[in-house]
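The block underneath contains the structure these notes are about, expressed in structure tokens.
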Amino acid sequence: MTKYEPLTTYLNLHKKERIKLTYSEIEEILGFKLPVSARKDKRWWNNNDCSHSQSKSWGEAGYKTTDVILGESVVFVKE
């Protein structure tokens, strides 16, 4: 189990075409604070690098990220 697997589970359970989550909601789902890089660097939310556990978490649920507002919210869209 990776530390971002709770996000995969959450996305799999909701199965919506579009899910907008605040950083606080994501942290509540995960049970820990997101790293500083997630708040300051949009590349942390990239979809194309499955070598990172965070991108694997939404990719495995069939989502990609879009509309990232650093430090505020992220939209997950079904691929």
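Residues are named by chain letter and number: chains run A, B, ... in the order of the structure tokens, numbers start at 1 in each chain, and ligands are numbered from 1 in the order shown.
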
Q: Would you mind writing down, as a ChimeraX atom specification, each residue of chain A that DSSP on the backbone assigns to strand (DSSP E or B)?
A: /A:18-22,63-69,73-78

Dump as a PDB file, in the first residue's frame, selection limited to C-alpha atoms:
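File out-v2.pdb, as written:
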```pdb
ATOM      1  CA  ARG A  18     -15.316  15.364 -12.462  1.00  0.00           C
ATOM      2  CA  ILE A  19     -14.329  15.704  -8.818  1.00  0.00           C
ATOM      3  CA  LYS A  20     -13.071  18.972  -7.351  1.00  0.00           C
ATOM      4  CA  LEU A  21     -11.229  18.636  -4.063  1.00  0.00           C
ATOM      5  CA  THR A  22      -9.625  21.272  -1.899  1.00  0.00           C
ATOM      6  CA  TYR A  63      -8.441  10.134 -13.521  1.00  0.00           C
ATOM      7  CA  LYS A  64      -6.165  12.939 -14.592  1.00  0.00           C
ATOM      8  CA  THR A  65      -5.650  16.254 -12.873  1.00  0.00           C
ATOM      9  CA  THR A  66      -6.709  19.574 -14.321  1.00  0.00           C
ATOM     10  CA  ASP A  67      -7.496  23.061 -13.077  1.00  0.00           C
ATOM     11  CA  VAL A  68      -4.864  23.005 -10.340  1.00  0.00           C
ATOM     12  CA  ILE A  69      -5.031  26.109  -8.175  1.00  0.00           C
ATOM     13  CA  SER A  73      -7.880  22.951  -5.092  1.00  0.00           C
ATOM     14  CA  VAL A  74      -7.471  20.330  -7.797  1.00  0.00           C
ATOM     15  CA  VAL A  75      -9.989  18.925 -10.258  1.00  0.00           C
ATOM     16  CA  PHE A  76      -9.807  15.219 -11.141  1.00  0.00           C
ATOM     17  CA  VAL A  77     -11.389  14.325 -14.489  1.00  0.00           C
ATOM     18  CA  LYS A  78     -12.225  10.792 -15.610  1.00  0.00           C
TER      19      LYS A  78
END
```

Q.
I'd like the neighbourhood of Lys3 of chain A as a list of chain:residue names, where a residue qualifies if any of its atoms comes within 12 Å (using only C-alpha atoms), though same-chain residues fewer than 3 positions away should be ignored.
A.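 Here the answer would be A:Pro6, A:Leu7, A:Thr8, A:Thr9, A:Glu27, A:Ile29, A:Leu30, A:Gly31, A:Phe32, A:Lys33, A:Leu34, A:His52, A:Ser53, A:Gln54, A:Ser55, A:Lys56, A:Ser57.
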
Q) How would you write, as a ChimeraX atom specification, the set of residues in chain A that DSSP gives as alpha helix (DSSP H)? A) /A:5-14,23-30,36-40,53-59

(Q) I'd like the interatomic distance between atom CA of Gly59 of chain A and atom CA of Asn47 of chain A, to a tenth of an Å. (A) 7.3 Å

**Q.** Point-to-point distance in Å for atom CA of Thr2 of chain A and atom CA of Leu70 of chain A
**A.** 23.3 Å
